[in-house]
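Here is the file structure-v1.cif (mmCIF, C-alpha atoms).
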```cif
data_model
loop_
_atom_site.label_atom_id
_atom_site.label_comp_id
_atom_site.auth_asym_id
_atom_site.auth_seq_id
_atom_site.Cartn_x
_atom_site.Cartn_y
_atom_site.Cartn_z
CA MET O 1 0.00 0.00 0.00
CA ASN O 2 2.75 2.38 0.98
CA ASN O 3 4.72 1.46 -2.12
CA SER O 4 1.79 2.06 -4.45
CA THR O 5 1.11 5.41 -2.76
CA THR O 6 4.73 6.42 -3.24
CA ILE O 7 4.65 5.43 -6.91
CA SER O 8 1.39 7.29 -7.40
CA LEU O 9 2.72 10.50 -5.84
CA ASP O 10 5.91 10.18 -7.89
CA GLU O 11 3.83 9.98 -11.07
CA VAL O 12 1.89 13.08 -10.08
CA ARG O 13 5.15 15.00 -9.76
CA ARG O 14 6.48 13.88 -13.12
CA TYR O 15 3.42 14.35 -15.30
CA PRO O 16 0.98 17.23 -15.65
CA PRO O 17 -2.64 16.85 -14.51
CA GLY O 18 -5.08 15.35 -17.00
CA ASP O 19 -4.61 13.26 -20.10
CA LEU O 20 -1.19 13.63 -21.75
CA ALA O 21 -2.92 13.94 -25.14
CA ILE O 22 -4.49 17.25 -24.09
CA TRP O 23 -1.01 18.56 -23.26
CA VAL O 24 0.24 17.75 -26.75
CA PHE O 25 -2.83 19.60 -28.06
CA ILE O 26 -2.20 22.50 -25.66
CA MET O 27 1.41 22.81 -26.79
CA ALA O 28 0.33 22.85 -30.45
CA GLU O 29 -2.23 25.57 -29.69
CA LEU O 30 0.28 27.62 -27.72
CA LEU O 31 2.75 27.38 -30.59
CA VAL O 32 0.19 28.84 -32.99
CA PHE O 33 -0.58 31.70 -30.61
CA ALA O 34 3.15 32.33 -30.06
CA ILE O 35 3.60 32.72 -33.83
CA PHE O 36 0.59 35.07 -33.94
CA PHE O 37 1.94 37.20 -31.07
CA SER O 38 5.42 37.42 -32.59
CA ALA O 39 4.02 38.25 -36.04
CA PHE O 40 1.93 41.03 -34.45
CA ALA O 41 4.97 42.49 -32.68
CA PHE O 42 7.28 42.35 -35.71
CA THR O 43 4.64 43.69 -38.12
CA ARG O 44 4.10 46.55 -35.69
CA MET O 45 7.79 47.49 -36.07
CA ASN O 46 7.10 48.92 -39.53
CA ASN O 47 3.67 50.34 -38.65
CA VAL O 48 4.13 51.81 -35.16
CA GLU O 49 2.01 54.92 -35.73
CA LEU O 50 -0.80 52.96 -37.35
CA PHE O 51 -0.85 50.36 -34.56
CA ASN O 52 -0.76 53.02 -31.82
CA GLU O 53 -3.50 55.07 -33.50
CA PHE O 54 -5.94 52.19 -33.97
CA GLN O 55 -5.17 50.66 -30.59
CA LEU O 56 -6.91 53.73 -29.15
CA THR O 57 -10.14 52.71 -30.95
CA LEU O 58 -10.35 49.50 -28.91
CA ASP O 59 -12.50 49.20 -25.81
CA ARG O 60 -9.97 48.67 -23.02
CA GLN O 61 -12.66 48.52 -20.34
CA ALA O 62 -14.33 45.63 -22.16
CA ALA O 63 -10.93 43.91 -22.29
CA LEU O 64 -10.52 44.46 -18.52
CA ILE O 65 -13.92 42.88 -17.85
CA ASN O 66 -12.98 39.94 -20.07
CA THR O 67 -9.62 39.48 -18.36
CA ILE O 68 -11.25 39.44 -14.92
CA ALA O 69 -13.92 37.04 -16.23
CA LEU O 70 -11.34 34.57 -17.54
CA ILE O 71 -9.09 34.75 -14.45
CA THR O 72 -12.12 34.25 -12.21
CA SER O 73 -13.35 31.33 -14.31
CA SER O 74 -9.90 29.72 -14.12
CA TYR O 75 -9.99 30.09 -10.33
CA PHE O 76 -13.44 28.48 -10.24
CA VAL O 77 -12.09 25.57 -12.30
CA VAL O 78 -9.24 25.10 -9.81
CA ARG O 79 -11.85 24.93 -7.04
CA ALA O 80 -13.83 22.38 -9.07
CA VAL O 81 -10.74 20.15 -9.36
CA LEU O 82 -10.06 20.45 -5.62
CA CYS O 83 -13.69 19.49 -4.89
CA ILE O 84 -13.57 16.38 -7.06
CA GLN O 85 -10.32 15.38 -5.34
CA GLU O 86 -12.31 15.47 -2.09
CA GLY O 87 -15.11 13.44 -3.65
CA ASP O 88 -17.54 16.36 -3.62
CA ASN O 89 -19.22 15.98 -7.01
CA GLN O 90 -22.01 18.42 -6.22
CA TRP O 91 -19.69 21.34 -5.52
CA CYS O 92 -17.47 20.35 -8.42
CA VAL O 93 -20.46 20.80 -10.73
CA ARG O 94 -21.34 24.13 -9.10
CA TRP O 95 -17.83 25.50 -9.55
CA LEU O 96 -17.76 24.30 -13.17
CA LEU O 97 -21.11 25.97 -13.89
CA ALA O 98 -19.83 29.17 -12.27
CA ALA O 99 -16.73 28.98 -14.50
CA MET O 100 -18.97 28.55 -17.54
CA GLY O 101 -20.96 31.58 -16.39
CA MET O 102 -17.75 33.63 -16.39
CA GLY O 103 -16.96 32.24 -19.83
CA LEU O 104 -20.39 33.37 -20.96
CA ILE O 105 -19.64 36.90 -19.73
CA PHE O 106 -16.49 36.84 -21.87
CA VAL O 107 -18.48 35.68 -24.91
CA VAL O 108 -21.16 38.34 -24.49
CA VAL O 109 -18.65 41.18 -24.01
CA LYS O 110 -16.53 40.00 -26.93
CA PHE O 111 -19.63 39.66 -29.11
CA TYR O 112 -20.52 43.25 -28.21
CA GLU O 113 -17.02 44.36 -29.24
CA PHE O 114 -17.16 42.49 -32.53
CA SER O 115 -20.64 43.87 -33.25
CA HIS O 116 -19.41 47.39 -32.58
CA HIS O 117 -16.46 47.02 -34.98
CA PHE O 118 -18.41 45.29 -37.73
CA GLY O 119 -21.19 47.87 -37.34
CA ASN O 120 -18.61 50.58 -38.05
CA GLY O 121 -17.62 48.82 -41.25
CA ILE O 122 -14.37 47.47 -39.85
CA ASN O 123 -13.20 44.13 -41.21
CA LEU O 124 -10.04 42.12 -41.81
CA SER O 125 -8.99 44.26 -44.77
CA THR O 126 -9.50 47.63 -43.03
CA ASN O 127 -5.82 47.82 -42.10
CA THR O 128 -2.98 45.67 -40.77
CA PHE O 129 -3.77 46.41 -37.13
CA TYR O 130 -7.39 45.32 -37.46
CA MET O 131 -6.34 42.29 -39.48
CA PHE O 132 -4.27 41.11 -36.50
CA TYR O 133 -6.76 42.28 -33.88
CA LEU O 134 -9.76 40.55 -35.45
CA SER O 135 -7.85 37.38 -36.37
CA LEU O 136 -6.22 36.95 -32.97
CA THR O 137 -9.25 37.78 -30.85
CA PHE O 138 -11.67 35.75 -33.00
CA PHE O 139 -9.31 32.76 -32.95
CA HIS O 140 -9.13 33.03 -29.16
CA PHE O 141 -12.92 33.58 -29.00
CA MET O 142 -13.45 30.22 -30.74
CA HIS O 143 -11.22 28.58 -28.12
CA VAL O 144 -13.39 30.04 -25.36
CA ILE O 145 -16.50 28.57 -27.02
CA LEU O 146 -14.80 25.16 -27.31
CA GLY O 147 -13.57 25.39 -23.72
CA MET O 148 -17.08 26.10 -22.46
CA GLY O 149 -18.31 23.04 -24.34
CA ILE O 150 -15.61 20.92 -22.70
CA LEU O 151 -16.44 22.29 -19.23
CA GLY O 152 -20.13 21.59 -19.90
CA ALA O 153 -19.40 17.98 -20.82
CA VAL O 154 -17.22 17.55 -17.72
CA ALA O 155 -19.90 19.13 -15.50
CA TYR O 156 -22.55 16.80 -16.96
CA LYS O 157 -20.42 13.73 -16.26
CA ALA O 158 -19.62 14.97 -12.75
CA HIS O 159 -23.36 15.54 -12.18
CA LYS O 160 -23.95 11.92 -13.18
CA GLY O 161 -21.33 10.82 -10.63
CA GLY O 162 -18.84 9.84 -13.31
CA TYR O 163 -15.79 10.97 -11.33
CA THR O 164 -14.28 9.83 -8.06
CA PRO O 165 -11.36 11.10 -5.96
CA GLU O 166 -9.30 8.23 -7.43
CA ASP O 167 -10.41 8.70 -11.04
CA HIS O 168 -11.08 12.25 -12.17
CA ILE O 169 -8.67 12.62 -15.07
CA GLY O 170 -11.50 14.03 -17.21
CA VAL O 171 -11.96 16.99 -14.84
CA GLU O 172 -8.21 17.71 -14.88
CA THR O 173 -8.08 17.40 -18.67
CA GLY O 174 -10.91 19.90 -19.16
CA ALA O 175 -9.37 22.18 -16.53
CA SER O 176 -5.98 22.16 -18.28
CA TYR O 177 -7.56 23.20 -21.57
CA TRP O 178 -9.51 26.02 -19.89
CA HIS O 179 -6.38 27.33 -18.15
CA MET O 180 -4.63 27.39 -21.54
CA VAL O 181 -7.43 29.62 -22.88
CA ASP O 182 -6.93 31.93 -19.88
CA LEU O 183 -3.14 31.88 -20.27
CA VAL O 184 -3.29 32.99 -23.92
CA TRP O 185 -5.60 35.89 -23.06
CA LEU O 186 -3.23 37.06 -20.30
CA ILE O 187 -0.61 37.78 -23.00
CA LEU O 188 -3.08 38.91 -25.65
CA PHE O 189 -4.68 41.58 -23.44
CA PRO O 190 -1.56 43.70 -22.78
CA LEU O 191 -0.03 43.09 -26.21
CA ILE O 192 -3.04 44.33 -28.19
CA TYR O 193 -4.83 46.67 -25.79
CA VAL O 194 -2.08 48.26 -23.67
CA MET O 195 1.50 48.07 -25.00
CA ARG O 196 2.38 50.96 -27.33
CA MET W 1 -6.04 14.96 2.28
CA ASP W 2 -7.98 17.81 3.85
CA THR W 3 -4.78 19.65 4.68
CA PHE W 4 -3.60 19.11 1.10
CA THR W 5 -6.78 20.53 -0.43
CA ASN W 6 -6.92 23.38 2.09
CA LYS W 7 -3.39 24.37 1.12
CA GLY W 8 -4.46 24.13 -2.52
CA LYS W 9 -7.46 26.37 -1.91
CA ARG W 10 -5.38 28.93 -0.03
CA ALA W 11 -2.66 28.99 -2.71
CA ALA W 12 -5.22 29.28 -5.53
CA THR W 13 -7.04 32.11 -3.76
CA ILE W 14 -3.82 34.06 -3.15
CA VAL W 15 -2.74 33.59 -6.78
CA PHE W 16 -6.21 34.66 -7.94
CA ALA W 17 -5.92 37.87 -5.91
CA ILE W 18 -2.43 38.58 -7.30
CA LEU W 19 -3.66 38.02 -10.87
CA ILE W 20 -6.53 40.46 -10.36
CA ILE W 21 -4.23 43.10 -8.84
CA LEU W 22 -1.70 42.77 -11.70
CA THR W 23 -4.55 43.02 -14.20
CA PHE W 24 -5.75 46.30 -12.71
CA ILE W 25 -2.19 47.66 -12.71
CA THR W 26 -1.92 46.79 -16.42
CA PHE W 27 -5.30 48.39 -17.12
CA PHE W 28 -4.49 51.65 -15.32
CA ILE W 29 -1.15 51.89 -17.11
CA GLY W 30 -3.10 51.63 -20.36
CA GLU W 31 -5.63 54.21 -19.21
CA SER W 32 -2.87 56.66 -18.20
CA GLY W 33 -2.03 57.03 -21.89
CA THR W 34 1.69 57.05 -21.25
CA SER W 35 3.78 55.23 -23.80
CA SER W 36 7.44 54.34 -23.64
CA LEU W 37 9.57 51.29 -24.18
CA THR W 38 10.15 50.91 -20.43
CA ILE W 39 6.44 50.98 -19.65
CA SER W 40 5.63 48.55 -22.46
CA LEU W 41 8.25 46.10 -21.25
CA PHE W 42 7.03 46.50 -17.66
CA VAL W 43 3.50 45.63 -18.80
CA LEU W 44 4.87 42.64 -20.72
CA ALA W 45 6.79 41.51 -17.63
CA LEU W 46 3.58 41.66 -15.59
CA ALA W 47 1.86 39.52 -18.23
CA LEU W 48 4.67 36.94 -18.17
CA ILE W 49 4.54 36.78 -14.36
CA LYS W 50 0.77 36.24 -14.58
CA GLY W 51 1.33 33.50 -17.15
CA GLU W 52 3.84 31.73 -14.91
CA LEU W 53 1.43 31.95 -11.95
CA VAL W 54 -1.33 30.37 -14.03
CA GLY W 55 1.03 27.65 -15.27
CA ALA W 56 2.47 26.84 -11.86
CA TYR W 57 -0.59 27.13 -9.61
CA PHE W 58 -3.71 26.81 -11.80
CA MET W 59 -2.39 24.30 -14.34
CA GLY W 60 -0.59 22.45 -11.57
CA LEU W 61 2.86 22.44 -13.18
CA GLY W 62 4.62 24.10 -10.24
CA GLY W 63 5.29 20.90 -8.35
CA ILE W 64 6.30 18.83 -11.37
CA ARG W 65 9.86 17.75 -11.99
CA GLY W 66 11.36 17.08 -15.39
CA PHE W 67 10.23 17.82 -18.91
CA TRP W 68 6.62 18.73 -18.21
CA ARG W 69 7.63 21.67 -16.02
CA LEU W 70 9.13 23.35 -19.08
CA PRO W 71 6.50 23.86 -21.84
CA ILE W 72 4.73 26.84 -20.29
CA LEU W 73 8.00 28.45 -19.18
CA ILE W 74 9.44 28.05 -22.68
CA TRP W 75 6.21 29.30 -24.23
CA LEU W 76 6.35 32.42 -22.07
CA PHE W 77 10.07 32.95 -22.70
CA ILE W 78 10.16 32.67 -26.51
CA PRO W 79 7.30 34.98 -27.55
CA GLY W 80 8.15 37.19 -24.57
CA SER W 81 11.69 37.59 -25.90
CA LEU W 82 10.55 38.14 -29.50
CA ILE W 83 7.99 40.76 -28.43
CA THR W 84 10.69 42.49 -26.35
CA ILE W 85 13.07 42.56 -29.33
CA ALA W 86 10.36 43.85 -31.68
CA PHE W 87 9.32 46.65 -29.30
CA TYR W 88 12.98 47.53 -28.59
CA LEU W 89 13.78 47.81 -32.30
CA SER W 90 10.70 49.93 -32.98
CA ALA W 91 11.32 52.34 -30.08
#
```

For this file, produce the structure as structure tokens.
Amino acid sequence: MNNSTTISLDEVRRYPPGDLAIWVFIMAELLVFAIFFSAFAFTRMNNVELFNEFQLTLDRQAALINTIALITSSYFVVRAVLCIQEGDNQWCVRWLLAAMGMGLIFVVVKFYEFSHHFGNGINLSTNTFYMFYLSLTFFHFMHVILGMGILGAVAYKAHKGGYTPEDHIGVETGASYWHMVDLVWLILFPLIYVMR
Amino acid sequence: MDTFTNKGKRAATIVFAILIILTFITFFIGESGTSSLTISLFVLALALIKGELVGAYFMGLGGIRGFWRLPILIWLFIPGSLITIAFYLSA
């Protein structure tokens, strides 16, 4: 018993939480975003005035609300994982639903932003800044939608009692993906909305 | 087990509070309208610190030894360095 516990703890220290496959997927996603971020920064080098001018047209307060929403949702997901580790499925579901609620706030605010820009006739070909802004934020927006779907599926299974303190890899897998979505936004927010 | 999860809750809550504070600092720097290379790189540094906090405490990579501790750190370092170079060259 002691030996198996030691081996189990050792495995926890060597491997990230959740299914390893999701980590390969996360790394691939992060690579794409890293290329996007770098391309944004290096394209800006030759268009500093344009980027600074059109950055001022963005709604920074909306971005603040979205950043707080995603950080809060990530925190709620951490609490959900801790609950399932204690065998508390009911509170795990509640935390996951709360995280999805925060995700929904992000979606609504972002939809409002997109509507505002498209309503003003802004699109991908308006200028280089908007090409990057719309591409990057819409690409991330789609990840939020997918992440909410994953959290919903995990919450449903937890509601059905599909996880135990010994076997809750699905919760950790969904949580890891959601944290990745949060992580990307934490770089995207200052890069596009603040740095000039 | 309870002690373990209580420590986890406390750590997550502290990190959550730090992330919110750093976010507001970033926002108010943006609202101040000031622009310089130093300020931009300071804002980027705050973002990278936030990223590391999420990776270590929310994603659970902080206590891991070996290869799997590295991906998020490397991900933060490479684009962070490239963004720094790009902003430095355009200043």

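Within 6 Å of chain O, chain W contributes the residues W:Gly30, W:Ser35, W:Ser40, W:Ala47, W:Gly51, W:Met59, W:Ile64, W:Arg65, W:Pro79, W:Ile83, W:Ala86, W:Ser90, using all atoms listed in the file.
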
Pick from O:Ala80, O:Val24, O:Leu151, O:Val107 nearest to Trp95 (chain O), counting all atoms listed in the file: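 Closest candidate: O:Ala80.
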
Take CA of Met100 (chain O) and CA of Tyr133 (chain O) and report the distance between them in Å, one decimal. 24.6 Å

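The space between CA of Gly87 (chain O) and CA of Pro165 (chain O) spans 5.0 Å.
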
Go through O:Trp91, O:Phe106, O:Tyr163, O:Phe51 one by one, measure the shortest atom-to-atom distance of each to His143 (chain O) using only C-alpha atoms, and give the residue with the smallest value.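 Looking at the shortest contact to His143 (chain O), the residue is O:Phe106.
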
Build an axis-aligned box that encloses every atom of region 53-67 of chain W listed in the file, pad it by 8 Å on each side, and report its centre and edge lengths in Å to one decimal, as JSON.
```
{"center_x": 3.8, "center_y": 24.5, "center_z": -13.6, "size_x": 31.1, "size_y": 30.9, "size_z": 26.6}
```

Separating CA of Leu96 (chain O) from CA of Ile21 (chain W), to the nearest tenth of an Å, is a gap of 23.6 Å

Contacts of region 108-118 of chain O at 8 Å or less, counting only C-alpha atoms, minus same-chain residues fewer than 5 places along, as a PyMOL selection string? chain O and resi 59+62+65-66+123+141

Measuring between only C-alpha atoms, which one of O:Val171, O:Cys92, O:Thr57, O:Thr137 shows the shortest distance to Ala153 (chain O)? O:Val171

Would you kindly translate the PyMOL selection byres ((chain W and resi 46) around 10) into the concrete residues it picks from this file, as a list in words? Leu186, Ile187 and Pro190 of chain O; Leu19, Leu22, Thr23, Ile25, Thr26, Ser40, Leu41, Phe42, Val43, Leu44, Ala45, Ala47, Leu48, Ile49, Lys50, Gly51 and Glu52 of chain W

Choose the residue, out of O:Gly162, O:Gly103, O:Gly149, O:Gly170, that has the smallest atom-to-atom separation from Asp88 (chain O); count only C-alpha atoms.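 Comparing O:Gly162, O:Gly103, O:Gly149, O:Gly170 against Asp88 (chain O), the winner is O:Gly162.
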
For each of W:Leu37, W:Thr5, W:Leu73, W:Phe28, take the minimum atom-to-atom distance to Leu53 (chain W), counting only C-alpha atoms, then give the residue where this is smallest. W:Leu73
